[in-house]
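Enquirer: This structure is in structure tokens; I'll ask about it shortly.
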Amino acid sequence: MSSEEKQLTLNLKVWRQKDGKDKGQMVDYTLEGVSTDSSFLEMMDQLNEKLVVENQDPVAFDHDCREGICGMCSLMINGQAHGPESETTTCQLHMRKFNDGDTVVIEPWRARAFPVVKDLMVDRSAFDEIIMAGGYVNVNTGNAQDANEILVPKEDADLAMDAAACIGCAACVASCKNASAMLFVSAKISQLALLPQGKLESDKRAQAMVEKMDELGFGNCTNEAECEASCPKGIDISNIARMNREYFKSAVVSKS
Amino acid sequence: MFERFLKVLTSSVIKKQLMGLTGLLLCGFLLTHLIGNFLIFVSPEAFNTYAYKLTSTPLIYVAEAVLMGIFLLHLGLAMVLTIENKKARPVGYYMKQPTGRGSTFASSTMPITGIVIGIFIVLHIIHFKFGAHYSVTYGDVEMRDLYRLIIEEFQNKAFAFGYIVSMAFIGVHISHGFWSAFQSLGFNHPKYTTVLRCLSTIYAITIFGGFSSLPIYCFLQGVQ
Amino acid sequence: MTKKLDGKVPEGKVTEKWDNHRFKMKLVNPSNKRKFKVIVVGTGLAGASASATLSELGYNVDAFCIQDSPRRAHSIAAQGGINAAKNYPNDGDSVWRLFYDTVKGGDYRARESNVYRLAQVANGIIDQCAAQGVPFAREYGGTLSNRSFGGAQVSRTFYARGQTGQQLLLGAYSAMMKEAAKGKVKIHTRREMVDLVVVDGKTRGIITRNIVTGEFEKWAADAVLLCTGGYGNVYFLSTNAMTSNGSAAWKAYKKGANFANPCFTQIHPTCIPVHGENQSKLTLMSESLRNDGRVWVPKKQGDKRAPNDIPEEERDYYLERIYPSFGNLVPRDVASRRAKESVDEGRGVGKTGVAVYLDFADAIKRDGEDAVRDRYGNLFTMYNRITDEDPYKTPMRIFPAVHYTMGGLWVDYNLQTTVPGTFALGEANFSDHGANRLGASALMQGLADGYFVIPYTLGNYLVTENLMTDKVGDDHPEFDKCLKESKDRFSRLLNVKGTRSVDSFHRDLGNIMWERVGMSRNKERLEKAISEISDLRKEFWKDVKVTGTDVGLNVELEKANRVADFLELGELMARDALERNESCGGHFREESQTEENEALRDDDNYAHVAAWEFSGDEQTPIRNIEELSFDNVPLTQRSYK
């Protein structure tokens, strides 16, 4: 049964940074009357509403769909990407997970490839660049044969869907102690390598995407699986193994 | 063409795979080393003869060079990867907590255990390979009496203890490294990976337990 | 002065119109395509698919999105699926049936020719998406899996778990990124369109505001495609994303594009209810839940007992009672309206009393908990996460929420608005869903417009209007004028320096809209809404408080700009609802109902599209009309008894 709604008073430590050039620092706020039924981002809204009333600059943070699918929300909450609950984005994290009087530390994703835009907002366009390097099937509109002419074993289709569930939020990078993007990159490489539609180009794709990832300054994988643990969609690190396989095959074995 | 080769060689994936591969080879070396050392339990003669045979073939120089090469590659890659990883996050977190669902003590301490192991190996070579050169003759063959050296060295309680502690570091390092190498090399399977992770732990315990039994045995030998 | 709009519907039988038209339309020489630039605003299904396809053809595309990446557009949140009449299950489906169902489902307020084309190209969408590697659900034999959705009699819905929108969008996004890699599509993220530039009656470009730097930018092009989605956020609380807004469409309206049927909004019956004042948005749960869940409220008013303590005979399964044959599977608008009625009668449940139960106890008893978990596990988890209640043990609480807007910019058969060179695609236009959209049809329409319609009709415009030689660059004075006007508007917002936050105005607007222009409307309330919104708008411009400056990122300023537009759009919606004195689809006028309280259409007077024309700030807009004719689908009254 549901827990009764309560009001919390929270001590927030929030990263404030005016823009990309500013050095930034942690700033303390006290927020009263936070409903345990509110989502974490609604708590942030409440903080901002209070700041506006006090003529202060509200905290900038990324968010959009607020139903855990667009991948726009982020936040390192008490040292964990998307907060303490497993397989949950920040927008789906609710304040009932916190206690009255708690101190909550809120920081942006940290990685060289993700410069801070303002406060808790970071620039994740590096992910778009990686997709641009090869995260697609080269098929123009109008060229497709009947959909049922490509048969895909259900098992492969399901595995591909598991990988494709990635929302591109970058919690994997944020939680990885090496700021590695391997889970994100491998999810796309896996999805397309598992399907006959994508197999044709899998060699080229693996090389292009991995090398773009390296070029952008992400760290290396040390197989600790913090990415998997903090992934709101539960993307498995077996995808990273598959990527390693694909890359080896393409870079060492294939002709191109 | 060469440029392409270099790009592949320096890619994150291949570096990790080389790291894993060299790690696995070193794991293999440890196992043969351990089995050889177990001859101590058989008799001084068995152990010394084994050591003599091993070192009297000229191939030993090739083997040593290769082993050294593997080790240095493992070490060098570790340094490069660690530096790159540090650079990938120039501004750290005010607060960072593991999820408790991913990283382990072993996985998060790889560079530290690695450094300790590196120091240990240097000391190990100084103590044993370049240690006192006693002689012993079996039949008409004169050879180095390594057995005596080992027994003597392990009479030093601090030394024996340090050795066991170092083995613990190696065990911890392997418990993550062994499984991790397979993952890097692209082996991950819904059924077998669980087995592999168990195997990783068993391997680590074997290496730790096996090598730790030596100083204990040697120490007790001397007490008699 | 009311005008009659011409939908430019091609001649011939409805089945042949698109083929004939494609043949008659002019083509752009392949080597000339690279001499054209097209602006695409929005990168959801419609925008991403259009950008990709146009670039593949050779056009230069500038794509703009408000988020940090084109992959985040709100198409991503669609759960259920996408329709196409492939007839793979061999259950009697056909293009004609999909066409027929869509016209009928839209309660006869859509343009037949557009709907037929939609049904026609839908099969190609599935092929295209499958080829892109969209991981659709499969049968064991490797073929695609279908399900029945939203009460359809045939299984024509393709799906990828509960994330079909996400997978289709990522497919379109990847196709666009493939073109971006070639340099043919340039992607501009964190940009908001703040004006449309029209010179001598032709669209010449847009003005954007860079959200990060606060800079205003000029972009010239030969055509502009508005793929900016719906305006459901006018209600403050809706299932739309936080940045979903109506501003781009509204700017086009002010530059002469007519706004069609703004009052047609869809209210989705199975959303998680509001918890309190700080609620920022509503979460939708797939309506597939109604396949097994039973909707009920207590018979007694103000019954505060826990649901499981209310005995069977004191429960009112009102949908099953009123609609014995359709029961819990009545269309969205009917289910929504009945839920609100129950709440208005004081029989609502939960702490706030603004919800009804959706009970799975019988399904669990019948099929077992595992079977229910198999079907709805992810939805139950989501519900539990948000409400902290366990739907396996206690009934879910649900309530309707604004979900989709069928109305939008008026477009002709070519998807062109009344401003030459400005096209509207996807939810941003009005064309295909009439007064009510069927489940799994939104994704179909967005992709149909982008992949298969605009590539043809755009070329025709560029050639017939002679844009090869007739070019206007961003150095034209009109660009500077528009830029300055936009800048001034943002300064004005900053300079009000009032006392109330932007959100407080938005919340008030939402309340007015929900109470007076919501599920059930009447003349008196609509008139009240018009005057209340007008007052609120005046107060907004006197008392809004926007902190910060116009340099750098300023979220409050962005919101203020959007809310200012909503305050005008909301009034237009109320006005349109008032003028349409009939009930149809999602638009229910209490004055026009059958004896059984069902929506009663008035085909003699309202079988038309109302397209509103801007006639100046604070002036009553002009209601233009496009007559609709139904030659292929006979007009009948809906009945779900």
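Every chain in the structure tokens takes a letter, A first, then B, and so on in the order presented; its residues are numbered from 1, and the ligands are numbered from 1 following the presented order.
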Would you kindly report the residues of chain B within 6 Å of chain A, using only C-alpha atoms, as a PyMOL selection string?
Expert: chain B and resi 12+85+88-89+95-97+101-103+107+180+183+186-188
Enquirer: Just N, CA and C atoms for this one: save the residues we selected as a PDB file, in the first residue's frame.
Expert:
```
ATOM      1  N   SER B  12      40.919   2.168 -28.299  1.00  0.00           N
ATOM      2  CA  SER B  12      40.620   1.749 -26.930  1.00  0.00           C
ATOM      3  C   SER B  12      40.353   0.247 -26.861  1.00  0.00           C
ATOM      4  N   ASN B  85      42.370   7.497 -18.825  1.00  0.00           N
ATOM      5  CA  ASN B  85      41.133   7.478 -18.039  1.00  0.00           C
ATOM      6  C   ASN B  85      41.046   8.681 -17.107  1.00  0.00           C
ATOM      7  N   ALA B  88      40.108  11.688 -19.064  1.00  0.00           N
ATOM      8  CA  ALA B  88      38.736  11.700 -19.578  1.00  0.00           C
ATOM      9  C   ALA B  88      37.779  12.404 -18.623  1.00  0.00           C
ATOM     10  N   ARG B  89      38.220  12.626 -17.390  1.00  0.00           N
ATOM     11  CA  ARG B  89      37.374  13.370 -16.453  1.00  0.00           C
ATOM     12  C   ARG B  89      38.228  14.391 -15.710  1.00  0.00           C
ATOM     13  N   MET B  95      31.028  14.397  -4.880  1.00  0.00           N
ATOM     14  CA  MET B  95      30.651  13.176  -4.172  1.00  0.00           C
ATOM     15  C   MET B  95      30.430  12.078  -5.196  1.00  0.00           C
ATOM     16  N   LYS B  96      31.014  10.915  -4.965  1.00  0.00           N
ATOM     17  CA  LYS B  96      30.829   9.804  -5.899  1.00  0.00           C
ATOM     18  C   LYS B  96      30.688   8.534  -5.091  1.00  0.00           C
ATOM     19  N   GLN B  97      29.618   7.825  -5.386  1.00  0.00           N
ATOM     20  CA  GLN B  97      29.381   6.588  -4.655  1.00  0.00           C
ATOM     21  C   GLN B  97      29.168   5.464  -5.637  1.00  0.00           C
ATOM     22  N   ARG B 101      25.965  -2.258  -7.289  1.00  0.00           N
ATOM     23  CA  ARG B 101      25.476  -3.302  -8.183  1.00  0.00           C
ATOM     24  C   ARG B 101      26.475  -3.584  -9.302  1.00  0.00           C
ATOM     25  N   GLY B 102      27.565  -2.836  -9.326  1.00  0.00           N
ATOM     26  CA  GLY B 102      28.518  -3.006 -10.414  1.00  0.00           C
ATOM     27  C   GLY B 102      29.923  -3.298  -9.929  1.00  0.00           C
ATOM     28  N   SER B 103      30.639  -2.251  -9.610  1.00  0.00           N
ATOM     29  CA  SER B 103      32.057  -2.432  -9.309  1.00  0.00           C
ATOM     30  C   SER B 103      32.260  -3.223  -8.015  1.00  0.00           C
ATOM     31  N   SER B 107      37.751  -4.770  -8.656  1.00  0.00           N
ATOM     32  CA  SER B 107      37.740  -4.036  -9.919  1.00  0.00           C
ATOM     33  C   SER B 107      38.168  -2.586  -9.717  1.00  0.00           C
ATOM     34  N   SER B 180      37.724 -10.293 -16.521  1.00  0.00           N
ATOM     35  CA  SER B 180      37.710  -9.067 -17.302  1.00  0.00           C
ATOM     36  C   SER B 180      38.406  -9.237 -18.652  1.00  0.00           C
ATOM     37  N   GLN B 183      36.052 -10.701 -21.079  1.00  0.00           N
ATOM     38  CA  GLN B 183      35.085  -9.679 -21.505  1.00  0.00           C
ATOM     39  C   GLN B 183      35.728  -8.788 -22.566  1.00  0.00           C
ATOM     40  N   GLY B 186      36.019 -10.153 -25.880  1.00  0.00           N
ATOM     41  CA  GLY B 186      34.745 -10.310 -26.580  1.00  0.00           C
ATOM     42  C   GLY B 186      33.970 -11.536 -26.165  1.00  0.00           C
ATOM     43  N   PHE B 187      34.411 -12.193 -25.097  1.00  0.00           N
ATOM     44  CA  PHE B 187      33.670 -13.374 -24.668  1.00  0.00           C
ATOM     45  C   PHE B 187      32.714 -13.006 -23.544  1.00  0.00           C
ATOM     46  N   ASN B 188      31.438 -13.038 -23.866  1.00  0.00           N
ATOM     47  CA  ASN B 188      30.423 -12.823 -22.833  1.00  0.00           C
ATOM     48  C   ASN B 188      29.202 -13.571 -23.299  1.00  0.00           C
TER      49      ASN B 188
END
```
Enquirer: When you get a sec, could you note down which chain A residues fall within 7 Å of chain C, using only C-alpha atoms, as a VMD selection string?
Expert: chain A and resid 1 to 3 37 to 38 42 52 55 57 64 to 67 69 to 72 92 94 125 131 to 133 135 to 137 139 to 142 144 to 148 151 to 154 157 160 to 161 192 195 197 to 198
Enquirer: Could you write out that same residue set with N, CA and C atoms as a compact mmCIF listing (two decimals), in the first residue's frame?
Expert:
```
# COMPACT_ATOMS: atom_id res chain seq x y z
N MET A 1 0.85 -1.20 0.00
CA MET A 1 0.00 0.00 0.00
C MET A 1 0.88 1.24 0.00
N SER A 2 0.33 2.31 -0.44
CA SER A 2 1.15 3.51 -0.60
C SER A 2 1.52 4.10 0.75
N SER A 3 2.69 4.69 0.79
CA SER A 3 3.09 5.38 2.00
C SER A 3 2.37 6.72 2.03
N ASP A 37 5.45 12.83 -2.60
CA ASP A 37 4.86 12.38 -3.86
C ASP A 37 5.47 13.06 -5.08
N SER A 38 6.26 14.11 -4.84
CA SER A 38 6.86 14.81 -5.97
C SER A 38 7.97 13.99 -6.59
N GLU A 42 10.44 17.71 -9.97
CA GLU A 42 9.44 18.63 -9.41
C GLU A 42 10.00 19.33 -8.18
N VAL A 52 13.26 32.20 -8.01
CA VAL A 52 12.71 33.29 -8.82
C VAL A 52 12.06 34.32 -7.91
N ASN A 55 14.39 36.58 -6.43
CA ASN A 55 15.19 37.31 -7.42
C ASN A 55 16.54 36.70 -7.69
N ASP A 57 18.88 33.68 -9.77
CA ASP A 57 18.88 32.94 -11.03
C ASP A 57 18.49 31.48 -10.75
N ASP A 64 13.00 16.87 -20.21
CA ASP A 64 11.97 17.15 -21.21
C ASP A 64 10.73 16.30 -21.03
N CYS A 65 10.82 15.01 -21.35
CA CYS A 65 9.58 14.24 -21.38
C CYS A 65 9.05 13.93 -19.99
N ARG A 66 9.93 13.82 -19.04
CA ARG A 66 9.57 13.48 -17.65
C ARG A 66 8.80 12.18 -17.54
N GLU A 67 9.03 11.28 -18.49
CA GLU A 67 8.49 9.95 -18.28
C GLU A 67 9.54 8.88 -18.56
N ILE A 69 11.97 8.48 -20.93
CA ILE A 69 12.25 7.90 -22.24
C ILE A 69 13.07 8.82 -23.13
N CYS A 70 13.02 10.13 -22.93
CA CYS A 70 13.71 11.02 -23.88
C CYS A 70 15.21 11.06 -23.62
N GLY A 71 15.62 10.74 -22.39
CA GLY A 71 17.05 10.71 -22.08
C GLY A 71 17.65 12.07 -21.84
N MET A 72 16.81 13.08 -21.70
CA MET A 72 17.34 14.43 -21.54
C MET A 72 17.76 14.69 -20.09
N GLN A 92 11.96 10.06 -12.97
CA GLN A 92 11.08 9.05 -12.39
C GLN A 92 11.44 8.73 -10.94
N HIS A 94 11.40 9.46 -7.15
CA HIS A 94 10.47 10.24 -6.33
C HIS A 94 11.05 10.56 -4.96
N SER A 125 26.58 16.54 -27.14
CA SER A 125 26.55 16.36 -28.59
C SER A 125 27.59 15.35 -29.07
N ILE A 131 27.05 8.68 -33.25
CA ILE A 131 26.01 8.08 -34.11
C ILE A 131 26.25 8.49 -35.56
N MET A 132 26.64 9.74 -35.74
CA MET A 132 26.89 10.24 -37.09
C MET A 132 28.01 9.45 -37.77
N ALA A 133 28.94 8.94 -36.96
CA ALA A 133 30.06 8.21 -37.54
C ALA A 133 29.64 6.87 -38.13
N GLY A 135 26.23 5.01 -36.77
CA GLY A 135 25.13 4.36 -36.05
C GLY A 135 23.85 4.28 -36.85
N TYR A 136 23.94 3.76 -38.06
CA TYR A 136 22.75 3.68 -38.91
C TYR A 136 22.95 2.60 -39.97
N VAL A 137 21.84 2.28 -40.63
CA VAL A 137 21.91 1.40 -41.79
C VAL A 137 21.81 2.31 -43.01
N VAL A 139 20.36 3.01 -45.80
CA VAL A 139 19.27 2.68 -46.72
C VAL A 139 18.44 3.95 -46.93
N ASN A 140 18.31 4.36 -48.15
CA ASN A 140 17.55 5.56 -48.43
C ASN A 140 16.06 5.26 -48.47
N THR A 141 15.27 6.28 -48.23
CA THR A 141 13.82 6.12 -48.27
C THR A 141 13.40 5.64 -49.65
N GLY A 142 12.56 4.63 -49.65
CA GLY A 142 12.04 4.14 -50.92
C GLY A 142 12.73 2.90 -51.43
N ALA A 144 13.29 0.14 -49.68
CA ALA A 144 13.07 -1.03 -48.85
C ALA A 144 12.24 -2.10 -49.55
N GLN A 145 12.57 -3.34 -49.29
CA GLN A 145 11.74 -4.46 -49.75
C GLN A 145 10.64 -4.68 -48.72
N ASP A 146 9.74 -5.59 -49.01
CA ASP A 146 8.66 -5.84 -48.04
C ASP A 146 9.28 -6.26 -46.70
N ALA A 147 8.71 -5.69 -45.63
CA ALA A 147 9.30 -5.88 -44.31
C ALA A 147 9.45 -7.35 -43.95
N ASN A 148 8.54 -8.18 -44.41
CA ASN A 148 8.61 -9.60 -44.04
C ASN A 148 9.57 -10.40 -44.90
N LEU A 151 13.74 -11.85 -42.60
CA LEU A 151 13.32 -12.61 -41.42
C LEU A 151 14.37 -12.43 -40.33
N VAL A 152 13.91 -12.20 -39.13
CA VAL A 152 14.82 -12.04 -38.01
C VAL A 152 14.40 -13.01 -36.91
N PRO A 153 15.28 -13.90 -36.50
CA PRO A 153 14.91 -14.81 -35.40
C PRO A 153 14.45 -14.00 -34.20
N LYS A 154 13.39 -14.47 -33.56
CA LYS A 154 12.82 -13.72 -32.45
C LYS A 154 13.87 -13.42 -31.39
N ALA A 157 15.92 -10.56 -32.48
CA ALA A 157 15.12 -9.33 -32.46
C ALA A 157 14.99 -8.83 -31.02
N ALA A 160 18.31 -7.42 -29.88
CA ALA A 160 18.51 -6.13 -30.53
C ALA A 160 17.67 -5.06 -29.85
N MET A 161 16.45 -5.42 -29.48
CA MET A 161 15.57 -4.47 -28.80
C MET A 161 16.14 -4.12 -27.42
N LEU A 192 22.60 -3.15 -34.25
CA LEU A 192 22.68 -3.28 -35.70
C LEU A 192 23.46 -4.51 -36.14
N LEU A 195 21.06 -7.63 -36.21
CA LEU A 195 20.00 -7.70 -37.20
C LEU A 195 20.60 -7.86 -38.60
N GLN A 197 19.68 -6.58 -41.23
CA GLN A 197 19.71 -5.29 -41.93
C GLN A 197 21.03 -4.57 -41.68
N GLY A 198 21.58 -4.73 -40.49
CA GLY A 198 22.75 -3.97 -40.12
C GLY A 198 24.05 -4.71 -40.34
```
Enquirer: So which residues touch A:Pro232 within 7 Å, counting only C-alpha atoms, skipping near sequence neighbours fewer than 4 positions away, as a ChimeraX atom specification?
Expert: /A:86-89
Enquirer: Those selected residues, please, written with N, CA and C atoms and delivered as a short mmCIF file (atom, residue, chain, number, x, y, z; two decimals), in the first residue's frame.
Expert:
```cif
data_model
loop_
_atom_site.label_atom_id
_atom_site.label_comp_id
_atom_site.auth_asym_id
_atom_site.auth_seq_id
_atom_site.Cartn_x
_atom_site.Cartn_y
_atom_site.Cartn_z
N SER A 86 17.57 1.79 -8.82
CA SER A 86 18.06 1.12 -10.03
C SER A 86 17.03 1.25 -11.16
N GLU A 87 17.55 1.25 -12.37
CA GLU A 87 16.74 1.34 -13.59
C GLU A 87 15.69 2.46 -13.53
N THR A 88 16.10 3.61 -13.06
CA THR A 88 15.19 4.74 -12.92
C THR A 88 15.90 6.02 -13.35
N THR A 89 15.25 6.79 -14.22
CA THR A 89 15.83 8.08 -14.57
C THR A 89 15.50 9.09 -13.46
#
```
Enquirer: Which residues in stretch 22-226 of chain A does DSSP call strand (DSSP E)? List them as JSON, numbers by chain.
Expert: {"A": [25, 26, 27, 28, 29, 30, 31, 32, 33, 34, 35, 76, 77, 80, 81, 103, 104, 105, 106, 107, 116, 117, 118, 121, 122]}
Enquirer: May I have the residues within 8 Å of stretch 146-153 of chain B as a PyMOL selection string, using only C-alpha atoms and disregarding those fewer than 4 positions away in the same chain?
Expert: chain B and resi 40+44+47-48+51+128+131-134+159-160+218-219+221-222
Enquirer: Quick one: residues within 8 Å of stretch 221-224 of chain C, only C-alpha atoms counted, chain neighbours fewer than 6 positions away excluded, as a PyMOL selection string?
Expert: chain C and resi 36-41+203-206+421-423+462+467+471+473
Enquirer: Mind writing the picked residues with N, CA and C atoms as a PDB file, in the first residue's frame?
Expert:
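In the end it all went to out.pdb:
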```pdb
ATOM      1  N   PHE C  36      18.902  24.147 -53.732  1.00  0.00           N
ATOM      2  CA  PHE C  36      17.825  24.578 -52.832  1.00  0.00           C
ATOM      3  C   PHE C  36      18.185  24.304 -51.377  1.00  0.00           C
ATOM      4  N   LYS C  37      17.713  25.209 -50.550  1.00  0.00           N
ATOM      5  CA  LYS C  37      17.888  24.988 -49.112  1.00  0.00           C
ATOM      6  C   LYS C  37      16.518  24.902 -48.456  1.00  0.00           C
ATOM      7  N   VAL C  38      16.367  23.917 -47.583  1.00  0.00           N
ATOM      8  CA  VAL C  38      15.092  23.719 -46.898  1.00  0.00           C
ATOM      9  C   VAL C  38      15.333  23.763 -45.392  1.00  0.00           C
ATOM     10  N   ILE C  39      14.491  24.504 -44.704  1.00  0.00           N
ATOM     11  CA  ILE C  39      14.573  24.546 -43.248  1.00  0.00           C
ATOM     12  C   ILE C  39      13.536  23.600 -42.662  1.00  0.00           C
ATOM     13  N   VAL C  40      13.975  22.767 -41.733  1.00  0.00           N
ATOM     14  CA  VAL C  40      13.048  21.872 -41.042  1.00  0.00           C
ATOM     15  C   VAL C  40      13.073  22.237 -39.564  1.00  0.00           C
ATOM     16  N   VAL C  41      11.943  22.630 -39.031  1.00  0.00           N
ATOM     17  CA  VAL C  41      11.879  23.010 -37.624  1.00  0.00           C
ATOM     18  C   VAL C  41      11.265  21.851 -36.849  1.00  0.00           C
ATOM     19  N   THR C 203       7.536  32.382 -48.278  1.00  0.00           N
ATOM     20  CA  THR C 203       8.376  32.090 -47.117  1.00  0.00           C
ATOM     21  C   THR C 203       9.843  32.145 -47.515  1.00  0.00           C
ATOM     22  N   ARG C 204      10.619  32.876 -46.744  1.00  0.00           N
ATOM     23  CA  ARG C 204      12.035  33.011 -47.100  1.00  0.00           C
ATOM     24  C   ARG C 204      12.979  32.570 -46.002  1.00  0.00           C
ATOM     25  N   GLY C 205      12.442  32.235 -44.851  1.00  0.00           N
ATOM     26  CA  GLY C 205      13.345  31.774 -43.809  1.00  0.00           C
ATOM     27  C   GLY C 205      12.743  31.934 -42.434  1.00  0.00           C
ATOM     28  N   ILE C 206      13.584  31.781 -41.433  1.00  0.00           N
ATOM     29  CA  ILE C 206      13.115  31.901 -40.050  1.00  0.00           C
ATOM     30  C   ILE C 206      14.133  32.673 -39.217  1.00  0.00           C
ATOM     31  N   GLY C 421       5.176  28.237 -49.341  1.00  0.00           N
ATOM     32  CA  GLY C 421       6.534  27.920 -48.923  1.00  0.00           C
ATOM     33  C   GLY C 421       6.645  27.495 -47.471  1.00  0.00           C
ATOM     34  N   THR C 422       5.571  27.639 -46.706  1.00  0.00           N
ATOM     35  CA  THR C 422       5.577  27.099 -45.345  1.00  0.00           C
ATOM     36  C   THR C 422       4.706  25.855 -45.328  1.00  0.00           C
ATOM     37  N   PHE C 423       5.305  24.759 -44.952  1.00  0.00           N
ATOM     38  CA  PHE C 423       4.593  23.486 -44.911  1.00  0.00           C
ATOM     39  C   PHE C 423       4.485  23.035 -43.459  1.00  0.00           C
ATOM     40  N   LEU C 462       8.775  24.160 -55.384  1.00  0.00           N
ATOM     41  CA  LEU C 462      10.008  24.857 -55.751  1.00  0.00           C
ATOM     42  C   LEU C 462      10.047  25.154 -57.250  1.00  0.00           C
ATOM     43  N   LEU C 467      11.602  28.981 -57.790  1.00  0.00           N
ATOM     44  CA  LEU C 467      12.558  29.380 -56.753  1.00  0.00           C
ATOM     45  C   LEU C 467      14.011  29.134 -57.132  1.00  0.00           C
ATOM     46  N   LYS C 471      15.501  34.145 -55.649  1.00  0.00           N
ATOM     47  CA  LYS C 471      16.101  33.900 -54.322  1.00  0.00           C
ATOM     48  C   LYS C 471      16.097  35.185 -53.490  1.00  0.00           C
ATOM     49  N   GLY C 473      18.029  36.415 -49.904  1.00  0.00           N
ATOM     50  CA  GLY C 473      19.003  36.026 -48.893  1.00  0.00           C
ATOM     51  C   GLY C 473      18.675  36.619 -47.536  1.00  0.00           C
TER      52      GLY C 473
END
```
Enquirer: Take atom CA of C:Ala607 and atom CA of C:Phe630 and report the distance between them in Å, one decimal.
Expert: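 Between atom CA of C:Ala607 and atom CA of C:Phe630 the gap works out to 9.1 Å.
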Enquirer: Run DSSP on the backbone and give me the residues of stretch 261-339 of chain C it puts in helix (DSSP H, G or I), as a ChimeraX atom specification.
Expert: /C:287-291,307-309,312-314,318-322,327-329,332-339
Enquirer: Name the closest residue to C:Ile66 among the candidates A:Leu120, A:Ala170, A:Glu129, A:Asp62; distances are taken between atoms, counting only C-alpha atoms.
Expert: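 Comparing A:Leu120, A:Ala170, A:Glu129, A:Asp62 against C:Ile66, the winner is A:Asp62.
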Enquirer: Please list as a VMD selection string every residue within 8 Å of C:Gly450, counting only C-alpha atoms and excluding residues in the same chain fewer than 6 positions away.
Expert: chain C and resid 45 to 51 53 425 to 426
Enquirer: I'd like the neighbourhood of C:Gly459 as a PyMOL selection string, where a residue qualifies if any of its atoms comes within 9 Å (using only C-alpha atoms), though same-chain residues fewer than 2 positions away should be ignored.
Expert: chain C and resi 25-28+33+454-457+461-464
Enquirer: Could you please take those selected residues and save C-alpha atoms as a CSV table (one decimal), in the first residue's frame?
Expert:
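again_17.csv, written as the output of this step:
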```
chain,number,residue,atom,x,y,z
C,25,MET,CA,3.6,17.3,-60.1
C,26,LYS,CA,6.7,18.9,-61.5
C,27,LEU,CA,10.1,17.4,-60.7
C,28,VAL,CA,13.3,19.1,-59.8
C,33,LYS,CA,18.2,20.0,-56.0
C,454,ILE,CA,6.7,16.1,-48.6
C,455,PRO,CA,9.5,14.8,-50.9
C,456,TYR,CA,7.1,15.0,-53.8
C,457,THR,CA,5.0,18.1,-52.9
C,461,TYR,CA,6.4,24.0,-55.1
C,462,LEU,CA,10.0,24.9,-55.8
C,463,VAL,CA,9.6,24.4,-59.5
C,464,THR,CA,6.2,26.0,-60.0
```
Enquirer: Looking at only C-alpha atoms, which of C:Asp604, C:Asp617, C:Asp449, C:Asp309 is the one that sits closest to C:Leu118?
Expert: C:Asp449
